[in-house]
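For reference, structure25.cif (mmCIF, C-alpha atoms):
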```cif
data_entry
loop_
_atom_site.label_atom_id
_atom_site.label_comp_id
_atom_site.auth_asym_id
_atom_site.auth_seq_id
_atom_site.Cartn_x
_atom_site.Cartn_y
_atom_site.Cartn_z
CA MET Y 1 59.10 43.48 -30.72
CA ASN Y 2 57.28 45.37 -27.95
CA VAL Y 3 54.04 47.33 -28.27
CA LYS Y 4 55.82 50.69 -28.43
CA LYS Y 5 57.88 49.56 -31.40
CA ILE Y 6 54.82 48.20 -33.17
CA LEU Y 7 52.93 51.46 -32.66
CA ALA Y 8 55.91 53.49 -33.76
CA GLY Y 9 56.17 51.48 -36.95
CA ALA Y 10 52.46 51.85 -37.65
CA VAL Y 11 52.53 55.61 -37.09
CA ALA Y 12 55.55 55.98 -39.34
CA SER Y 13 53.79 53.99 -42.06
CA VAL Y 14 50.63 56.09 -41.87
CA MET Y 15 52.67 59.29 -42.02
CA ALA Y 16 54.46 57.93 -45.06
CA VAL Y 17 51.20 57.43 -46.92
CA THR Y 18 49.76 60.81 -45.94
CA SER Y 19 52.91 62.49 -47.21
CA LEU Y 20 52.95 60.43 -50.42
CA ALA Y 21 52.65 63.47 -52.67
CA ALA Y 22 55.94 64.79 -51.33
CA PHE Y 23 57.74 61.46 -51.55
CA ALA Y 24 58.38 61.39 -55.28
CA SER Y 25 58.09 64.49 -57.40
CA ALA Y 26 59.33 64.50 -60.96
CA ASP Y 27 58.54 65.57 -64.50
CA ALA Y 28 55.26 64.30 -65.87
CA VAL Y 29 55.20 61.86 -68.75
CA GLU Y 30 54.76 63.84 -71.96
CA GLU Y 31 51.49 63.85 -73.87
CA GLY Y 32 50.99 61.15 -76.46
CA VAL Y 33 52.79 58.41 -74.52
CA PHE Y 34 51.06 55.33 -73.11
CA VAL Y 35 52.02 54.24 -69.59
CA LEU Y 36 50.89 51.37 -67.38
CA GLY Y 37 49.32 53.15 -64.43
CA PHE Y 38 48.96 51.06 -61.28
CA GLY Y 39 49.01 50.90 -57.53
CA ASP Y 40 49.60 47.63 -55.73
CA ALA Y 41 47.24 46.49 -52.98
CA ASP Y 42 49.42 48.13 -50.30
CA TRP Y 43 49.89 51.26 -52.46
CA LYS Y 44 53.60 51.07 -51.65
CA ALA Y 45 54.39 50.71 -55.37
CA SER Y 46 52.53 53.08 -57.68
CA PHE Y 47 52.95 54.92 -60.97
CA TRP Y 48 50.51 56.97 -63.05
CA GLY Y 49 52.70 59.33 -65.06
CA LYS Y 50 51.79 62.68 -63.51
CA ALA Y 51 53.97 65.29 -61.84
CA GLU Y 52 53.92 64.23 -58.20
CA GLY Y 53 52.92 61.46 -55.83
CA ASP Y 54 54.28 58.20 -57.23
CA THR Y 55 56.49 55.86 -55.26
CA ILE Y 56 58.52 54.74 -58.29
CA ASP Y 57 59.66 56.59 -61.39
CA SER Y 58 59.40 55.85 -65.10
CA SER Y 59 62.68 53.91 -65.18
CA TYR Y 60 60.63 50.90 -64.03
CA GLU Y 61 58.24 51.27 -66.98
CA THR Y 62 58.18 50.32 -70.62
CA THR Y 63 56.17 53.10 -72.26
CA ALA Y 64 54.88 53.40 -75.83
CA LYS Y 65 54.57 56.52 -77.96
CA LEU Y 66 51.29 56.88 -79.83
CA GLU Y 67 51.88 56.56 -83.57
CA GLY Y 68 48.37 55.79 -84.77
CA ASN Y 69 45.97 52.89 -84.72
CA GLY Y 70 47.75 49.61 -84.08
CA THR Y 71 49.28 47.30 -81.48
CA TYR Y 72 51.24 48.54 -78.46
CA THR Y 73 52.79 47.08 -75.31
CA VAL Y 74 53.48 48.73 -71.95
CA ALA Y 75 54.93 47.15 -68.83
CA VAL Y 76 56.23 47.66 -65.31
CA ASP Y 77 59.13 45.68 -63.83
CA LEU Y 78 60.01 46.04 -60.14
CA SER Y 79 62.73 43.39 -60.09
CA LYS Y 80 65.65 45.83 -59.98
CA GLY Y 81 64.48 46.92 -56.53
CA TYR Y 82 62.85 49.98 -54.99
CA THR Y 83 62.21 51.40 -51.53
CA ALA Y 84 59.02 52.69 -49.95
CA GLU Y 85 58.64 54.96 -46.96
CA GLY Y 86 57.67 53.01 -43.83
CA TRP Y 87 58.77 49.63 -45.21
CA VAL Y 88 61.80 49.03 -43.01
CA ASP Y 89 63.81 46.23 -41.45
CA GLU Y 90 62.58 46.09 -37.84
CA ALA Y 91 66.04 45.15 -36.60
CA THR Y 92 68.04 47.93 -38.27
CA GLY Y 93 65.46 50.55 -39.17
CA ASP Y 94 66.87 50.64 -42.72
CA LEU Y 95 64.54 50.85 -45.70
CA LEU Y 96 63.92 47.46 -47.25
CA THR Y 97 64.82 46.91 -50.90
CA LEU Y 98 61.60 45.58 -52.37
CA THR Y 99 61.42 43.73 -55.68
CA THR Y 100 57.72 42.90 -55.82
CA GLY Y 101 54.30 44.44 -55.57
CA ASN Y 102 51.50 42.85 -53.56
CA GLY Y 103 48.37 42.22 -55.61
CA ILE Y 104 46.62 45.05 -57.45
CA GLY Y 105 44.72 48.00 -56.01
CA ALA Y 106 44.07 49.55 -59.42
CA MET Y 107 45.62 49.33 -62.88
CA GLY Y 108 45.02 50.79 -66.33
CA VAL Y 109 46.59 52.02 -69.56
CA GLN Y 110 46.85 55.83 -69.49
CA ILE Y 111 47.71 58.43 -72.12
CA TYR Y 112 47.70 62.20 -71.59
CA GLY Y 113 46.55 64.71 -74.20
CA GLU Y 114 43.48 65.44 -76.33
CA TYR Y 115 42.40 62.25 -78.11
CA PRO Y 116 38.57 62.27 -77.92
CA THR Y 117 38.06 59.41 -80.40
CA LEU Y 118 40.88 57.19 -79.14
CA GLY Y 119 39.81 53.74 -77.99
CA VAL Y 120 41.97 51.00 -76.46
CA ASN Y 121 41.17 47.31 -76.45
CA ILE Y 122 43.26 45.27 -73.98
CA THR Y 123 44.22 41.98 -75.64
CA LYS Y 124 46.74 40.44 -73.22
CA VAL Y 125 47.81 40.84 -69.58
CA VAL Y 126 50.85 38.81 -68.52
CA ILE Y 127 51.96 38.75 -64.88
CA ASP Y 128 55.35 37.18 -64.18
CA GLY Y 129 55.12 35.20 -67.40
CA VAL Y 130 51.59 33.92 -66.85
CA GLU Y 131 48.85 35.21 -69.16
CA GLN Y 132 45.72 36.19 -67.25
CA PRO Y 133 42.25 35.28 -68.56
CA LEU Y 134 40.30 38.39 -69.55
CA THR Y 135 36.87 38.50 -67.90
CA GLY Y 136 35.41 41.33 -69.97
CA VAL Y 137 36.02 43.77 -72.81
CA SER Y 138 37.82 47.10 -72.46
CA TYR Y 139 36.33 50.56 -72.62
CA THR Y 140 38.20 53.87 -72.73
CA ASN Y 141 37.14 57.14 -71.09
CA ASP Y 142 38.40 60.64 -70.38
CA GLU Y 143 40.55 60.74 -67.23
CA ASP Y 144 43.11 63.20 -65.83
CA ASN Y 145 43.35 65.32 -69.00
CA GLY Y 146 43.83 62.24 -71.12
CA ARG Y 147 42.33 58.83 -71.84
CA ARG Y 148 42.34 55.80 -69.56
CA THR Y 149 41.47 52.15 -70.13
CA ASN Y 150 40.99 50.27 -66.88
CA ILE Y 151 42.42 46.81 -66.42
CA TYR Y 152 41.34 46.59 -62.80
CA ASN Y 153 39.29 49.28 -61.08
CA GLU Y 154 36.59 48.40 -58.56
CA TRP Y 155 35.32 51.98 -58.50
CA ALA Y 156 34.59 52.44 -62.21
CA ASN Y 157 31.92 51.18 -64.60
CA TYR Y 158 31.12 51.51 -68.27
CA ASP Y 159 28.34 54.05 -68.89
CA ALA Y 160 26.83 54.03 -72.38
CA THR Y 161 25.22 57.43 -71.76
CA LYS Y 162 28.62 59.13 -71.52
CA GLU Y 163 29.99 60.24 -74.86
CA ASP Y 164 33.59 59.85 -73.76
CA HIS Y 165 33.10 56.13 -72.98
CA ILE Y 166 34.21 54.15 -76.05
CA THR Y 167 34.17 50.37 -76.43
CA GLN Y 168 33.93 47.74 -79.16
CA ASP Y 169 31.49 45.65 -77.12
CA PRO Y 170 29.05 47.64 -74.95
CA ASP Y 171 27.36 44.50 -73.62
CA ASN Y 172 30.56 43.18 -72.06
CA ALA Y 173 32.49 46.38 -71.33
CA SER Y 174 34.11 46.26 -67.90
CA ALA Y 175 36.63 48.04 -65.68
CA THR Y 176 37.72 44.75 -64.09
CA LEU Y 177 39.26 42.69 -66.88
CA ILE Y 178 41.24 40.33 -64.65
CA ASP Y 179 40.48 38.31 -61.54
CA LYS Y 180 42.92 39.47 -58.89
CA SER Y 181 41.77 37.00 -56.21
CA ALA Y 182 44.73 34.66 -56.68
CA LEU Y 183 47.27 37.40 -57.35
CA THR Y 184 49.80 37.86 -54.54
CA GLU Y 185 53.38 39.09 -55.00
CA TRP Y 186 54.60 39.88 -58.49
CA SER Y 187 57.56 41.58 -60.18
CA LYS Y 188 56.54 42.24 -63.80
CA ILE Y 189 53.27 43.04 -65.53
CA GLU Y 190 53.10 43.38 -69.32
CA VAL Y 191 50.00 44.60 -71.17
CA THR Y 192 49.35 44.43 -74.91
CA PHE Y 193 46.53 46.41 -76.50
CA GLU Y 194 45.04 47.63 -79.78
CA VAL Y 195 44.44 51.32 -80.43
CA TYR Y 196 41.47 52.18 -82.66
CA GLY Y 197 39.31 55.18 -83.53
CA LEU Y 198 42.00 57.61 -84.66
CA GLU Y 199 41.51 59.32 -88.00
CA GLU Y 200 44.00 58.33 -90.66
CA ASP Y 201 45.14 61.88 -91.38
CA ASN Y 202 46.03 62.38 -87.71
CA SER Y 203 47.27 58.94 -86.80
CA GLY Y 204 50.75 58.74 -88.29
CA SER Y 205 52.13 55.21 -88.65
CA THR Y 206 50.52 51.98 -87.50
CA GLY Y 207 51.66 51.53 -83.93
CA SER Y 208 54.61 50.70 -81.75
CA THR Y 209 55.74 47.94 -79.42
CA GLY Y 210 56.87 50.32 -76.71
CA ASN Y 211 59.98 52.12 -75.49
CA GLU Y 212 62.01 50.81 -72.57
CA GLY Y 213 61.81 53.34 -69.73
CA ASP Y 214 65.10 54.77 -68.54
CA GLY Y 215 63.99 57.53 -66.17
CA GLU Y 216 66.13 60.10 -67.96
CA GLY Y 217 63.47 62.00 -69.90
CA ASP Y 218 64.88 61.21 -73.34
CA GLY Y 219 62.01 62.64 -75.36
CA ASN Y 220 60.31 59.27 -75.87
CA GLY Y 221 57.94 59.76 -72.97
CA ASP Y 222 60.15 57.94 -70.48
CA THR Y 223 60.01 60.71 -67.91
CA ASN Y 224 59.45 60.40 -64.19
CA ALA Y 225 55.89 60.50 -62.97
CA THR Y 226 53.28 60.24 -60.23
CA THR Y 227 49.73 59.51 -59.13
CA PRO Y 228 46.55 60.87 -60.70
CA ASP Y 229 44.22 63.50 -59.29
CA LYS Y 230 42.62 62.13 -56.13
CA ASN Y 231 39.29 63.72 -57.13
CA THR Y 232 38.80 62.25 -60.59
CA PRO Y 233 35.03 61.92 -61.10
CA ASP Y 234 34.88 58.72 -63.15
CA THR Y 235 36.77 56.43 -60.78
CA GLY Y 236 37.50 57.84 -57.35
CA VAL Y 237 40.08 55.06 -57.26
CA GLU Y 238 43.13 56.98 -56.13
CA GLY Y 239 41.48 58.62 -53.14
CA VAL Y 240 39.87 55.37 -52.00
CA ALA Y 241 43.08 53.45 -52.44
CA VAL Y 242 45.16 55.87 -50.42
CA VAL Y 243 42.62 55.93 -47.59
CA ALA Y 244 42.59 52.14 -47.57
CA GLY Y 245 46.37 52.18 -47.77
CA LEU Y 246 46.63 54.01 -44.44
CA ALA Y 247 45.38 50.95 -42.63
CA ILE Y 248 47.02 48.41 -44.93
CA VAL Y 249 50.48 49.92 -44.80
CA ALA Y 250 50.33 50.61 -41.07
CA ALA Y 251 49.75 46.94 -40.45
CA GLY Y 252 51.70 45.59 -43.38
CA ALA Y 253 55.04 47.35 -43.01
CA VAL Y 254 55.90 45.47 -39.83
CA VAL Y 255 54.77 42.16 -41.32
CA VAL Y 256 56.87 42.62 -44.43
CA ALA Y 257 59.84 43.66 -42.35
CA LYS Y 258 59.62 40.42 -40.43
CA LYS Y 259 59.24 38.35 -43.58
CA ARG Y 260 62.23 39.95 -45.30
CA LYS Y 261 64.71 39.90 -42.40
#
```
Turn this file's structure into structure tokens for me.
Amino acid sequence: MNVKKILAGAVASVMAVTSLAAFASADAVEEGVFVLGFGDADWKASFWGKAEGDTIDSSYETTAKLEGNGTYTVAVDLSKGYTAEGWVDEATGDLLTLTTGNGIGAMGVQIYGEYPTLGVNITKVVIDGVEQPLTGVSYTNDEDNGRRTNIYNEWANYDATKEDHITQDPDNASATLIDKSALTEWSKIEVTFEVYGLEEDNSGSTGSTGNEGDGEGDGNGDTNATTPDKNTPDTGVEGVAVVAGLAIVAAGAVVVAKKRK
């Protein structure tokens, strides 16, 4: 590949990231439904459950409708294949069919709606069948007109002075519950968690194991979705990740194209 082709690929990749909000626009996940929000390290695969900006839709997700305090599971599975702008075969120029994400840029359990007392305790994170050791205890905070519990977020920290920050263990509360240093390519991530703090008269039944996402908007919260507000005050994660992604994707798209020829 000559220099012109390399530069052209890099420019195309950067343009793809800067136009991410226009790439995938769909209905937001309804309130009261847990999703696994994430962006991989390249930010080529991402989902947060909002109305615009994601690179995949909810058909890749297993969501869970809130039905009170109890145990829930959410997941994302990329194995059926997806495409990402700028990730092309260098020989043909066709979009590559990707079946994995590369590492983790950020990840958390998200629910939209007004649940000021809702707390989430992450109990298990399984990546491609391997359970990851948890290096801290969860906390839950207000985020994007809902509640978020970080699994991995380098830009967030537990703050005991903030009333919206809820945890069962303030001394060990963390936004980085897993060590991502050895995590490379993956296809499926499954997260199990306990919901607590809801009042009995408002909580309904005792929990759910999740609903398999189908991308059709069937009333169970399995609607298409996208990335969170880039200006969220508690994390700043989405803005930082996208800026970092400009450089990562510009360099990485050509490398992946070579590897997948």
Across Y:Gly101, Y:Gly49, Y:Gly119, Y:Gly68, the smallest distance to Y:Glu200, with all atoms listed in the file counted, is shown by Y:Gly68
For the structure provided, state which residues fall under the PyMOL selection byres ((chain Y and resi 32-42) around 8), and present them as a PDB file with C-alpha atoms, in the frame of the given file.
```pdb
ATOM      1  CA  VAL Y  29      55.200  61.860 -68.750  1.00  0.00           C
ATOM      2  CA  GLU Y  30      54.760  63.840 -71.960  1.00  0.00           C
ATOM      3  CA  GLU Y  31      51.490  63.850 -73.870  1.00  0.00           C
ATOM      4  CA  TRP Y  43      49.890  51.260 -52.460  1.00  0.00           C
ATOM      5  CA  LYS Y  44      53.600  51.070 -51.650  1.00  0.00           C
ATOM      6  CA  ALA Y  45      54.390  50.710 -55.370  1.00  0.00           C
ATOM      7  CA  SER Y  46      52.530  53.080 -57.680  1.00  0.00           C
ATOM      8  CA  PHE Y  47      52.950  54.920 -60.970  1.00  0.00           C
ATOM      9  CA  TRP Y  48      50.510  56.970 -63.050  1.00  0.00           C
ATOM     10  CA  GLY Y  49      52.700  59.330 -65.060  1.00  0.00           C
ATOM     11  CA  GLU Y  61      58.240  51.270 -66.980  1.00  0.00           C
ATOM     12  CA  THR Y  62      58.180  50.320 -70.620  1.00  0.00           C
ATOM     13  CA  THR Y  63      56.170  53.100 -72.260  1.00  0.00           C
ATOM     14  CA  ALA Y  64      54.880  53.400 -75.830  1.00  0.00           C
ATOM     15  CA  LYS Y  65      54.570  56.520 -77.960  1.00  0.00           C
ATOM     16  CA  LEU Y  66      51.290  56.880 -79.830  1.00  0.00           C
ATOM     17  CA  VAL Y  74      53.480  48.730 -71.950  1.00  0.00           C
ATOM     18  CA  ALA Y  75      54.930  47.150 -68.830  1.00  0.00           C
ATOM     19  CA  VAL Y  76      56.230  47.660 -65.310  1.00  0.00           C
ATOM     20  CA  GLY Y 101      54.300  44.440 -55.570  1.00  0.00           C
ATOM     21  CA  ASN Y 102      51.500  42.850 -53.560  1.00  0.00           C
ATOM     22  CA  GLY Y 103      48.370  42.220 -55.610  1.00  0.00           C
ATOM     23  CA  ILE Y 104      46.620  45.050 -57.450  1.00  0.00           C
ATOM     24  CA  GLY Y 105      44.720  48.000 -56.010  1.00  0.00           C
ATOM     25  CA  ALA Y 106      44.070  49.550 -59.420  1.00  0.00           C
ATOM     26  CA  MET Y 107      45.620  49.330 -62.880  1.00  0.00           C
ATOM     27  CA  GLY Y 108      45.020  50.790 -66.330  1.00  0.00           C
ATOM     28  CA  VAL Y 109      46.590  52.020 -69.560  1.00  0.00           C
ATOM     29  CA  GLN Y 110      46.850  55.830 -69.490  1.00  0.00           C
ATOM     30  CA  ILE Y 111      47.710  58.430 -72.120  1.00  0.00           C
ATOM     31  CA  TYR Y 112      47.700  62.200 -71.590  1.00  0.00           C
ATOM     32  CA  GLY Y 113      46.550  64.710 -74.200  1.00  0.00           C
ATOM     33  CA  VAL Y 191      50.000  44.600 -71.170  1.00  0.00           C
ATOM     34  CA  ASN Y 220      60.310  59.270 -75.870  1.00  0.00           C
ATOM     35  CA  GLY Y 221      57.940  59.760 -72.970  1.00  0.00           C
ATOM     36  CA  GLY Y 245      46.370  52.180 -47.770  1.00  0.00           C
ATOM     37  CA  ILE Y 248      47.020  48.410 -44.930  1.00  0.00           C
ATOM     38  CA  VAL Y 249      50.480  49.920 -44.800  1.00  0.00           C
ATOM     39  CA  GLY Y 252      51.700  45.590 -43.380  1.00  0.00           C
TER      40      GLY Y 252
END
```
Test item: the PyMOL selection byres ((chain Y and resi 135) around 7) resolved as a CSV table (one decimal) with C-alpha atoms, in the frame of the given file:
```csv
chain,number,residue,atom,x,y,z
Y,133,PRO,CA,42.2,35.3,-68.6
Y,134,LEU,CA,40.3,38.4,-69.6
Y,136,GLY,CA,35.4,41.3,-70.0
Y,177,LEU,CA,39.3,42.7,-66.9
Y,178,ILE,CA,41.2,40.3,-64.6
```
I'd like the contact shell of stretch 171-174 of chain Y - 6 Å cut-off, only C-alpha atoms, skipping same-chain residues fewer than 4 positions apart - returned as a list in words.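 Neighbouring residues, sequence-local ones excluded: Gly136, Val137, Ser138 and Tyr139 of chain Y.
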Coordinates-based distance that separates atom CA of Y:Asn150 from atom CA of Y:Gln168 (Å, one decimal):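 So the two atoms, atom CA of Y:Gln168 and atom CA of Y:Asn150, lie 14.4 Å apart.
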Reference answer for the PyMOL selection byres ((chain Y and resi 164) around 7), as a compact mmCIF listing (two decimals) with C-alpha atoms, keeping the file's coordinate frame:
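Wrote out_7.txt, looks like this:
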```
# COMPACT_ATOMS: atom_id res chain seq x y z
CA PRO Y 116 38.57 62.27 -77.92
CA ASN Y 141 37.14 57.14 -71.09
CA ASP Y 142 38.40 60.64 -70.38
CA LYS Y 162 28.62 59.13 -71.52
CA GLU Y 163 29.99 60.24 -74.86
CA HIS Y 165 33.10 56.13 -72.98
CA ILE Y 166 34.21 54.15 -76.05
```
For a test of reading the model, state the distance in Å between atom CA of Y:Val126 and atom CA of Y:Thr192, rounded to one decimal.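 Separating atom CA of Y:Val126 from atom CA of Y:Thr192 is a distance of 8.6 Å.
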Residue with the minimum atom-to-atom distance to Y:Asp179, picked from Y:Tyr196, Y:Tyr82, Y:Tyr152, Y:Tyr158 with all atoms listed in the file counted, is Y:Tyr152
Given 5 Å of margin on each side, can you work out the centre and size in Å (one decimal) of an axis-aligned box holding every listed atom of stretch 162-168 of chain Y, as lines of an AutoDock Vina configuration file?
```
center_x = 31.4
center_y = 54.0
center_z = -75.3
size_x = 15.6
size_y = 22.5
size_z = 17.6
```
Given all atoms listed in the file as the basis, pick out the residue of Y:Arg147, Y:Glu131, Y:Asp94, Y:Trp87 nearest to Y:Glu114.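 Among the listed residues, Y:Arg147 lies closest to Y:Glu114.
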To one decimal place, how far is atom CA of Y:Glu154 from atom CA of Y:Lys50 in Å? 21.4 Å
